[in-house]
$ cat entry-v9.pdb   # PDB, C-alpha atoms and all ligand atoms
ATOM      1  CA  MET A  22       0.000   0.000   0.000  1.00  0.00           C
ATOM      2  CA  ASN A  23       1.428   3.316  -1.004  1.00  0.00           C
ATOM      3  CA  TYR A  24      -0.813   5.625   0.874  1.00  0.00           C
ATOM      4  CA  TRP A  25      -1.951   5.904   4.466  1.00  0.00           C
ATOM      5  CA  LYS A  26      -5.738   6.344   4.354  1.00  0.00           C
ATOM      6  CA  LYS A  27      -8.394   7.769   2.126  1.00  0.00           C
ATOM      7  CA  CYS A  28     -10.068  11.116   2.675  1.00  0.00           C
ATOM      8  CA  SER A  29     -13.462  10.591   4.330  1.00  0.00           C
ATOM      9  CA  VAL A  30     -15.091  12.969   1.871  1.00  0.00           C
ATOM     10  CA  CYS A  31     -13.536  12.790  -1.590  1.00  0.00           C
ATOM     11  CA  LYS A  32     -11.755   9.409  -1.143  1.00  0.00           C
ATOM     12  CA  ASN A  33      -8.511  10.816  -2.404  1.00  0.00           C
ATOM     13  CA  GLU A  34      -5.468   9.124  -0.986  1.00  0.00           C
ATOM     14  CA  VAL A  35      -3.694  10.721   1.950  1.00  0.00           C
ATOM     15  CA  GLN A  36       0.004   9.922   1.566  1.00  0.00           C
ATOM     16  CA  PHE A  37       2.349   8.947   4.375  1.00  0.00           C
ATOM     17  CA  ASN A  38       3.992  11.872   6.155  1.00  0.00           C
ATOM     18  CA  LYS A  39       1.575  14.318   4.575  1.00  0.00           C
ATOM     19  CA  THR A  40      -0.639  16.877   6.221  1.00  0.00           C
ATOM     20  CA  TYR A  41      -4.251  15.986   6.721  1.00  0.00           C
ATOM     21  CA  TRP A  42      -7.077  17.558   8.685  1.00  0.00           C
ATOM     22  CA  SER A  43      -9.282  16.231  11.413  1.00  0.00           C
ATOM     23  CA  CYS A  44     -12.462  17.549  13.017  1.00  0.00           C
ATOM     24  CA  SER A  45     -12.639  18.995  16.540  1.00  0.00           C
ATOM     25  CA  VAL A  46     -15.999  17.347  17.182  1.00  0.00           C
ATOM     26  CA  SER A  47     -15.410  14.187  19.198  1.00  0.00           C
ATOM     27  CA  SER A  48     -18.000  12.096  17.340  1.00  0.00           C
ATOM     28  CA  CYS A  49     -15.923  12.650  14.187  1.00  0.00           C
ATOM     29  CA  ASN A  50     -12.794  11.649  16.028  1.00  0.00           C
ATOM     30  CA  LYS A  51     -13.631   8.182  17.284  1.00  0.00           C
ATOM     31  CA  LYS A  52     -10.460   6.223  17.934  1.00  0.00           C
ATOM     32  CA  SER A  53     -11.682   3.231  15.950  1.00  0.00           C
ATOM     33  CA  ASN A  54     -12.642   5.186  12.869  1.00  0.00           C
ATOM     34  CA  PRO A  55     -11.765   8.872  12.873  1.00  0.00           C
ATOM     35  CA  LEU A  56     -12.769  11.010   9.925  1.00  0.00           C
ATOM     36  CA  ILE A  57      -9.836  12.399   8.027  1.00  0.00           C
ATOM     37  CA  PHE A  58      -9.799  15.125   5.404  1.00  0.00           C
ATOM     38  CA  CYS A  59      -7.258  15.655   2.660  1.00  0.00           C
ATOM     39  CA  SER A  60      -7.975  19.382   2.491  1.00  0.00           C
ATOM     40  CA  LEU A  61      -9.854  22.148   4.236  1.00  0.00           C
ATOM     41  CA  THR A  62     -12.327  22.087   1.357  1.00  0.00           C
ATOM     42  CA  CYS A  63     -13.228  18.503   2.241  1.00  0.00           C
ATOM     43  CA  PHE A  64     -13.415  19.445   5.906  1.00  0.00           C
ATOM     44  CA  ASP A  65     -15.770  22.333   5.150  1.00  0.00           C
ATOM     45  CA  SER A  66     -18.031  20.154   3.071  1.00  0.00           C
ATOM     46  CA  HIS A  67     -18.602  17.688   5.933  1.00  0.00           C
ATOM     47  CA  VAL A  68     -19.558  20.406   8.456  1.00  0.00           C
ATOM     48  CA  PRO A  69     -23.087  21.062   7.101  1.00  0.00           C
ATOM     49  CA  VAL A  70     -23.645  17.339   6.523  1.00  0.00           C
ATOM     50  CA  MET A  71     -22.905  16.553  10.169  1.00  0.00           C
ATOM     51  CA  SER A  72     -24.730  19.767  11.220  1.00  0.00           C
ATOM     52  CA  HIS A  73     -21.863  20.892  13.416  1.00  0.00           C
ATOM     53  CA  ARG A  74     -22.048  24.287  15.034  1.00  0.00           C
ATOM     54  CA  ASP A  75     -18.543  24.963  16.293  1.00  0.00           C
ATOM     55  CA  ALA A  76     -16.472  22.492  14.362  1.00  0.00           C
ATOM     56  CA  GLY A  77     -12.821  23.369  13.944  1.00  0.00           C
ATOM     57  CA  ALA A  78     -10.272  21.768  11.680  1.00  0.00           C
ATOM     58  CA  PHE A  79      -7.039  20.512  13.162  1.00  0.00           C
ATOM     59  CA  GLU A  80      -3.899  20.108  11.153  1.00  0.00           C
ATOM     60  CA  ASN A  81      -2.276  16.690  11.558  1.00  0.00           C
ATOM     61  CA  LYS A  82       0.502  14.728  10.008  1.00  0.00           C
ATOM     62  CA  ALA A  83       0.046  11.227   8.648  1.00  0.00           C
ATOM     63  CA  PRO A  84       2.465   8.639  10.076  1.00  0.00           C
ATOM     64  CA  SER A  85       5.466   7.535   8.094  1.00  0.00           C
ATOM     65  CA  LYS A  86       5.178   4.308   6.146  1.00  0.00           C
ATOM     66  CA  ILE A  87       7.622   2.582   8.481  1.00  0.00           C
ATOM     67  CA  GLU A  88       5.679   3.510  11.585  1.00  0.00           C
ATOM     68  CA  PHE A  89       2.415   2.516   9.984  1.00  0.00           C
ATOM     69  CA  GLU A  90       3.713  -0.896   8.916  1.00  0.00           C
ATOM     70  CA  LYS A  91       5.244  -1.584  12.303  1.00  0.00           C
ATOM     71  CA  LYS A  92       1.903  -0.870  13.857  1.00  0.00           C
ATOM     72  CA  GLN A  93       0.109  -3.179  11.406  1.00  0.00           C
ATOM     73  CA  SER A  94       2.385  -6.091  12.163  1.00  0.00           C
ATOM     74  CA  ASN A  95       2.472  -5.411  15.889  1.00  0.00           C
ATOM     75  CA  PRO A  96      -0.560  -3.583  17.309  1.00  0.00           C
ATOM     76  CA  ALA A  97       1.257  -3.104  20.604  1.00  0.00           C
ATOM     77  CA  TYR A  98       3.968  -1.088  18.874  1.00  0.00           C
ATOM     78  CA  LYS A  99       3.998   2.451  20.168  1.00  0.00           C
ATOM     79  CA  PRO A 100       5.552   4.987  17.865  1.00  0.00           C
ATOM     80  CA  THR A 101       7.247   7.950  19.457  1.00  0.00           C
ATOM     81  CA  ILE A 102       4.495  10.490  19.837  1.00  0.00           C
ATOM     82  CA  PRO A 103       4.821  13.197  17.204  1.00  0.00           C
ATOM     83  CA  ILE A 104       4.994  16.677  18.650  1.00  0.00           C
ATOM     84  CA  ASP A 105       1.568  17.404  17.209  1.00  0.00           C
ATOM     85  CA  GLN A 106      -0.132  14.669  19.212  1.00  0.00           C
ATOM     86  CA  GLU A 107       1.363  15.240  22.602  1.00  0.00           C
ATOM     87  CA  ILE A 108      -0.851  15.947  25.578  1.00  0.00           C
ATOM     88  CA  LEU A 109      -0.402  19.568  26.599  1.00  0.00           C
ATOM     89  CA  VAL A 110      -2.849  19.853  29.452  1.00  0.00           C
ATOM     90  CA  VAL A 111      -2.673  18.261  32.877  1.00  0.00           C
ATOM     91  CA  ALA A 112      -5.271  15.522  32.616  1.00  0.00           C
ATOM     92  CA  SER A 113      -5.687  15.034  36.356  1.00  0.00           C
ATOM     93  CA  LYS A 114      -6.291  18.773  36.892  1.00  0.00           C
ATOM     94  CA  VAL A 115      -8.836  18.980  34.089  1.00  0.00           C
ATOM     95  CA  LYS A 116     -10.676  15.949  35.421  1.00  0.00           C
ATOM     96  CA  GLU A 117     -10.575  17.286  38.962  1.00  0.00           C
ATOM     97  CA  TYR A 118     -11.926  20.656  37.844  1.00  0.00           C
ATOM     98  CA  ILE A 119     -14.833  19.082  35.991  1.00  0.00           C
ATOM     99  CA  LYS A 120     -15.535  16.741  38.880  1.00  0.00           C
ATOM    100  CA  ASN A 121     -15.537  19.584  41.401  1.00  0.00           C
ATOM    101  CA  ARG A 122     -17.739  21.829  39.336  1.00  0.00           C
ATOM    102  CA  SER A 123     -20.206  19.328  38.008  1.00  0.00           C
ATOM    103  CA  ASP A 124     -19.616  15.917  39.510  1.00  0.00           C
ATOM    104  CA  MET A 125     -19.152  14.626  35.951  1.00  0.00           C
ATOM    105  CA  ASN A 126     -16.467  12.352  34.597  1.00  0.00           C
ATOM    106  CA  THR A 127     -14.177  13.242  31.732  1.00  0.00           C
ATOM    107  CA  SER A 128     -13.338  11.011  28.813  1.00  0.00           C
ATOM    108  CA  GLN A 129      -9.684  10.747  27.780  1.00  0.00           C
ATOM    109  CA  ASP A 130     -10.664  12.046  24.334  1.00  0.00           C
ATOM    110  CA  VAL A 131     -11.449  15.403  25.942  1.00  0.00           C
ATOM    111  CA  ILE A 132      -7.849  15.726  27.055  1.00  0.00           C
ATOM    112  CA  GLU A 133      -6.649  15.067  23.528  1.00  0.00           C
ATOM    113  CA  VAL A 134      -9.062  17.569  21.994  1.00  0.00           C
ATOM    114  CA  LEU A 135      -8.083  20.198  24.567  1.00  0.00           C
ATOM    115  CA  SER A 136      -4.451  19.644  23.675  1.00  0.00           C
ATOM    116  CA  GLN A 137      -5.282  20.144  20.032  1.00  0.00           C
ATOM    117  CA  HIS A 138      -6.984  23.430  20.881  1.00  0.00           C
ATOM    118  CA  VAL A 139      -3.975  24.567  22.894  1.00  0.00           C
ATOM    119  CA  ARG A 140      -1.738  23.656  19.973  1.00  0.00           C
ATOM    120  CA  GLN A 141      -3.821  25.750  17.578  1.00  0.00           C
ATOM    121  CA  TRP A 142      -3.649  28.756  19.926  1.00  0.00           C
ATOM    122  CA  LEU A 143       0.086  28.364  20.278  1.00  0.00           C
ATOM    123  CA  LYS A 144       0.596  28.090  16.528  1.00  0.00           C
ATOM    124  CA  HIS A 145      -1.284  31.359  16.057  1.00  0.00           C
ATOM    125  CA  ALA A 146       0.701  32.964  18.864  1.00  0.00           C
ATOM    126  CA  ILE A 147       3.967  31.868  17.230  1.00  0.00           C
ATOM    127  CA  GLU A 148       2.867  33.443  13.958  1.00  0.00           C
ATOM    128  CA  ARG A 149       1.960  36.694  15.676  1.00  0.00           C
ATOM    129  CA  ALA A 150       5.248  36.878  17.537  1.00  0.00           C
ATOM    130  CA  LYS A 151       7.115  36.130  14.289  1.00  0.00           C
ATOM    131  CA  HIS A 152       5.300  38.944  12.522  1.00  0.00           C
ATOM    132  CA  ALA A 153       6.230  41.302  15.314  1.00  0.00           C
ATOM    133  CA  GLY A 154       9.865  40.176  15.034  1.00  0.00           C
ATOM    134  CA  ARG A 155       9.902  38.844  18.585  1.00  0.00           C
ATOM    135  CA  LYS A 156      11.571  35.736  19.964  1.00  0.00           C
ATOM    136  CA  THR A 157       9.239  35.535  22.942  1.00  0.00           C
ATOM    137  CA  ILE A 158       5.570  34.639  22.966  1.00  0.00           C
ATOM    138  CA  LEU A 159       3.652  37.164  25.019  1.00  0.00           C
ATOM    139  CA  ASP A 160       0.269  36.865  26.662  1.00  0.00           C
ATOM    140  CA  ARG A 161      -1.212  39.204  24.092  1.00  0.00           C
ATOM    141  CA  ASP A 162      -0.271  36.840  21.263  1.00  0.00           C
ATOM    142  CA  ILE A 163      -2.825  34.340  22.514  1.00  0.00           C
TER     143      ILE A 163
HETATM  144 ZN    ZN A 201     -10.712  15.012   0.339  1.00  0.00          ZN
HETATM  145 ZN    ZN A 202     -16.933  16.702  12.115  1.00  0.00          ZN
END

$ encode --input "entry-v9.pdb" --output "structure tokens" --more "lines below"
Ligand SMILES: [Zn+2]
Ligand SMILES: [Zn+2]
Amino acid sequence: MNYWKKCSVCKNEVQFNKTYWSCSVSSCNKKSNPLIFCSLTCFDSHVPVMSHRDAGAFENKAPSKIEFEKKQSNPAYKPTIPIDQEILVVASKVKEYIKNRSDMNTSQDVIEVLSQHVRQWLKHAIERAKHAGRKTILDRDI
């Protein structure tokens, strides 16, 4: 196989190591079968279909062919987590906050989605700081 997965909308092939887009809505991001989009155009076209209100697109990177094949042959294989998938929020604190406020539990997916949101904010902040010719991200960049 010479591609990673097919776009959930147009069925075009998403190549290994290439950028793809995912949806911020958790029902589109099920671990077993997440929707993936080859372009923002494909992402946009699924939003009305799924009648999302606040859907956001997240930029992701497809795994390399080697990592993908290792995972196929050995499901327990854990690739090193790419920087764009790392957890950036303190899961225990988030869970504790929700528990204290509402007595509700928090699914692990929430932590991942929150991290994606944080990543998007930081990417924007980096761009703003770059434009301003700064080497430090300031509170006002966020
Ligand atoms: Zn597509
Ligand atoms: Zn969606």

$ closest_residue --input "entry-v9.pdb" --among "A:Met71, A:Cys49, A:Ala146, A:Cys28" --to "ligand ZN 201 (chain A)" --atoms "all atoms listed in the file"
A:Cys28

$ residues_near_point --input "entry-v9.pdb" --point "(-3.6, 13.3, 24.3)" --cutoff "12 Å" --atoms "all atoms listed in the file" --output "PDB file with C-alpha atoms, in the frame of the given file"
ATOM      1  CA  LYS A  52     -10.460   6.223  17.934  1.00  0.00           C
ATOM      2  CA  ILE A 102       4.495  10.490  19.837  1.00  0.00           C
ATOM      3  CA  PRO A 103       4.821  13.197  17.204  1.00  0.00           C
ATOM      4  CA  ILE A 104       4.994  16.677  18.650  1.00  0.00           C
ATOM      5  CA  ASP A 105       1.568  17.404  17.209  1.00  0.00           C
ATOM      6  CA  GLN A 106      -0.132  14.669  19.212  1.00  0.00           C
ATOM      7  CA  GLU A 107       1.363  15.240  22.602  1.00  0.00           C
ATOM      8  CA  ILE A 108      -0.851  15.947  25.578  1.00  0.00           C
ATOM      9  CA  LEU A 109      -0.402  19.568  26.599  1.00  0.00           C
ATOM     10  CA  VAL A 110      -2.849  19.853  29.452  1.00  0.00           C
ATOM     11  CA  VAL A 111      -2.673  18.261  32.877  1.00  0.00           C
ATOM     12  CA  ALA A 112      -5.271  15.522  32.616  1.00  0.00           C
ATOM     13  CA  SER A 128     -13.338  11.011  28.813  1.00  0.00           C
ATOM     14  CA  GLN A 129      -9.684  10.747  27.780  1.00  0.00           C
ATOM     15  CA  ASP A 130     -10.664  12.046  24.334  1.00  0.00           C
ATOM     16  CA  VAL A 131     -11.449  15.403  25.942  1.00  0.00           C
ATOM     17  CA  ILE A 132      -7.849  15.726  27.055  1.00  0.00           C
ATOM     18  CA  GLU A 133      -6.649  15.067  23.528  1.00  0.00           C
ATOM     19  CA  VAL A 134      -9.062  17.569  21.994  1.00  0.00           C
ATOM     20  CA  LEU A 135      -8.083  20.198  24.567  1.00  0.00           C
ATOM     21  CA  SER A 136      -4.451  19.644  23.675  1.00  0.00           C
ATOM     22  CA  GLN A 137      -5.282  20.144  20.032  1.00  0.00           C
ATOM     23  CA  HIS A 138      -6.984  23.430  20.881  1.00  0.00           C
ATOM     24  CA  VAL A 139      -3.975  24.567  22.894  1.00  0.00           C
ATOM     25  CA  ARG A 140      -1.738  23.656  19.973  1.00  0.00           C
TER      26      ARG A 140
END

$ closest_residue --input "entry-v9.pdb" --among "A:Phe89, A:Phe37, A:Phe64, A:Trp25" --to "ligand ZN 201 (chain A)" --atoms "all atoms listed in the file"
A:Phe64

$ closest_residue --input "entry-v9.pdb" --among "A:Val46, A:Leu143, A:Val115, A:Cys31" --to "Ser72 of chain A" --atoms "only C-alpha atoms"
A:Val46

$ atom_distance --input "entry-v9.pdb" --atom1 "atom CA of Leu61 of chain A" --atom2 "atom CA of Val30 of chain A"
10.8 Å

$ closest_atom_pairs --input "entry-v9.pdb" --of "chain A" --to "ligand ZN 202 (chain A)" --cutoff "9 Å" --atoms "only C-alpha atoms and all ligand atoms" --output "Markdown table"
| residue | atom | partner | partner_atom | distance |
| --- | --- | --- | --- | --- |
| A:Ser43 | CA | A:ZN202 | ZN | 7.7 |
| A:Cys44 | CA | A:ZN202 | ZN | 4.6 |
| A:Ser45 | CA | A:ZN202 | ZN | 6.6 |
| A:Val46 | CA | A:ZN202 | ZN | 5.2 |
| A:Ser47 | CA | A:ZN202 | ZN | 7.7 |
| A:Ser48 | CA | A:ZN202 | ZN | 7.0 |
| A:Cys49 | CA | A:ZN202 | ZN | 4.7 |
| A:Asn50 | CA | A:ZN202 | ZN | 7.6 |
| A:Leu56 | CA | A:ZN202 | ZN | 7.4 |
| A:Phe64 | CA | A:ZN202 | ZN | 7.6 |
| A:His67 | CA | A:ZN202 | ZN | 6.5 |
| A:Val68 | CA | A:ZN202 | ZN | 5.8 |
| A:Val70 | CA | A:ZN202 | ZN | 8.8 |
| A:Met71 | CA | A:ZN202 | ZN | 6.3 |
| A:Ser72 | CA | A:ZN202 | ZN | 8.4 |
| A:His73 | CA | A:ZN202 | ZN | 6.6 |
| A:Ala76 | CA | A:ZN202 | ZN | 6.2 |
| A:Gly77 | CA | A:ZN202 | ZN | 8.0 |
| A:Ala78 | CA | A:ZN202 | ZN | 8.4 |

$ closest_atom_pairs --input "entry-v9.pdb" --of "chain A" --to "ligand ZN 201 (chain A)" --cutoff "10 Å" --atoms "all atoms listed in the file" --output "tab-separated table"
residue	atom	partner	partner_atom	distance
A:Lys27	CA	A:ZN201	ZN	7.8
A:Cys28	CA	A:ZN201	ZN	4.6
A:Ser29	CA	A:ZN201	ZN	6.6
A:Val30	CA	A:ZN201	ZN	5.1
A:Cys31	CA	A:ZN201	ZN	4.1
A:Lys32	CA	A:ZN201	ZN	5.9
A:Asn33	CA	A:ZN201	ZN	5.5
A:Glu34	CA	A:ZN201	ZN	8.0
A:Val35	CA	A:ZN201	ZN	8.4
A:Tyr41	CA	A:ZN201	ZN	9.1
A:Trp42	CA	A:ZN201	ZN	9.5
A:Ile57	CA	A:ZN201	ZN	8.2
A:Phe58	CA	A:ZN201	ZN	5.1
A:Cys59	CA	A:ZN201	ZN	4.2
A:Ser60	CA	A:ZN201	ZN	5.6
A:Leu61	CA	A:ZN201	ZN	8.2
A:Thr62	CA	A:ZN201	ZN	7.3
A:Cys63	CA	A:ZN201	ZN	4.7
A:Phe64	CA	A:ZN201	ZN	7.6
A:Ser66	CA	A:ZN201	ZN	9.4

$ resolve_selection --input "entry-v9.pdb" --expression "the PyMOL selection byres (((chain A and resi 161) around 10) and not hetatm)" --output "PyMOL selection string"
chain A and resi 146+149-150+158-160+162-163

$ decode --input "entry-v9.pdb" --residues "segment 57-85 of chain A" --atoms "N, CA and C atoms" --output "short mmCIF file (atom, residue, chain, number, x, y, z; two decimals), in the first residue's frame"
data_model
loop_
_atom_site.label_atom_id
_atom_site.label_comp_id
_atom_site.auth_asym_id
_atom_site.auth_seq_id
_atom_site.Cartn_x
_atom_site.Cartn_y
_atom_site.Cartn_z
N ILE A 57 -11.01 11.62 8.41
CA ILE A 57 -9.84 12.40 8.03
C ILE A 57 -10.14 13.12 6.71
N PHE A 58 -9.52 14.28 6.56
CA PHE A 58 -9.80 15.12 5.40
C PHE A 58 -8.50 15.48 4.72
N CYS A 59 -8.50 15.37 3.39
CA CYS A 59 -7.26 15.66 2.66
C CYS A 59 -7.04 17.15 2.52
N SER A 60 -8.10 17.94 2.68
CA SER A 60 -7.97 19.38 2.49
C SER A 60 -9.03 20.08 3.33
N LEU A 61 -8.85 21.38 3.48
CA LEU A 61 -9.85 22.15 4.24
C LEU A 61 -11.17 22.21 3.47
N THR A 62 -11.10 22.11 2.16
CA THR A 62 -12.33 22.09 1.36
C THR A 62 -13.16 20.87 1.73
N CYS A 63 -12.50 19.72 1.85
CA CYS A 63 -13.23 18.50 2.24
C CYS A 63 -13.75 18.63 3.67
N PHE A 64 -12.95 19.24 4.53
CA PHE A 64 -13.42 19.45 5.91
C PHE A 64 -14.68 20.30 5.89
N ASP A 65 -14.62 21.42 5.19
CA ASP A 65 -15.77 22.33 5.15
C ASP A 65 -17.02 21.64 4.63
N SER A 66 -16.85 20.76 3.67
CA SER A 66 -18.03 20.15 3.07
C SER A 66 -18.67 19.13 4.00
N HIS A 67 -17.95 18.63 5.02
CA HIS A 67 -18.60 17.69 5.93
C HIS A 67 -19.33 18.41 7.08
N VAL A 68 -18.97 19.68 7.32
CA VAL A 68 -19.56 20.41 8.46
C VAL A 68 -21.08 20.53 8.34
N PRO A 69 -21.61 21.00 7.20
CA PRO A 69 -23.09 21.06 7.10
C PRO A 69 -23.75 19.68 7.13
N VAL A 70 -23.07 18.69 6.56
CA VAL A 70 -23.64 17.34 6.52
C VAL A 70 -23.84 16.81 7.94
N MET A 71 -22.83 17.05 8.80
CA MET A 71 -22.91 16.55 10.17
C MET A 71 -23.64 17.56 11.07
N SER A 72 -24.11 18.64 10.50
CA SER A 72 -24.73 19.77 11.22
C SER A 72 -23.98 20.15 12.49
N HIS A 73 -22.68 20.39 12.32
CA HIS A 73 -21.86 20.89 13.42
C HIS A 73 -22.12 22.37 13.60
N ARG A 74 -21.98 22.84 14.82
CA ARG A 74 -22.05 24.29 15.03
C ARG A 74 -20.65 24.90 15.15
N ASP A 75 -19.85 24.34 16.05
CA ASP A 75 -18.54 24.96 16.29
C ASP A 75 -17.40 24.05 15.88
N ALA A 76 -17.53 23.42 14.75
CA ALA A 76 -16.47 22.49 14.36
C ALA A 76 -15.23 23.27 13.95
N GLY A 77 -14.08 22.80 14.38
CA GLY A 77 -12.82 23.37 13.94
C GLY A 77 -12.00 22.30 13.27
N ALA A 78 -11.15 22.72 12.35
CA ALA A 78 -10.27 21.77 11.68
C ALA A 78 -8.92 21.78 12.37
N PHE A 79 -8.36 20.61 12.58
CA PHE A 79 -7.04 20.51 13.16
C PHE A 79 -6.08 19.96 12.13
N GLU A 80 -4.91 20.58 12.08
CA GLU A 80 -3.90 20.11 11.15
C GLU A 80 -3.17 18.93 11.80
N ASN A 81 -2.99 17.86 11.05
CA ASN A 81 -2.28 16.69 11.56
C ASN A 81 -1.29 16.21 10.52
N LYS A 82 -0.44 15.30 10.96
CA LYS A 82 0.50 14.73 10.01
C LYS A 82 0.32 13.22 9.98
N ALA A 83 0.19 12.68 8.79
CA ALA A 83 0.05 11.23 8.65
C ALA A 83 1.34 10.56 9.11
N PRO A 84 1.25 9.32 9.63
CA PRO A 84 2.47 8.64 10.08
C PRO A 84 3.36 8.31 8.88
N SER A 85 4.60 7.99 9.17
CA SER A 85 5.47 7.54 8.09
C SER A 85 5.10 6.09 7.76
#
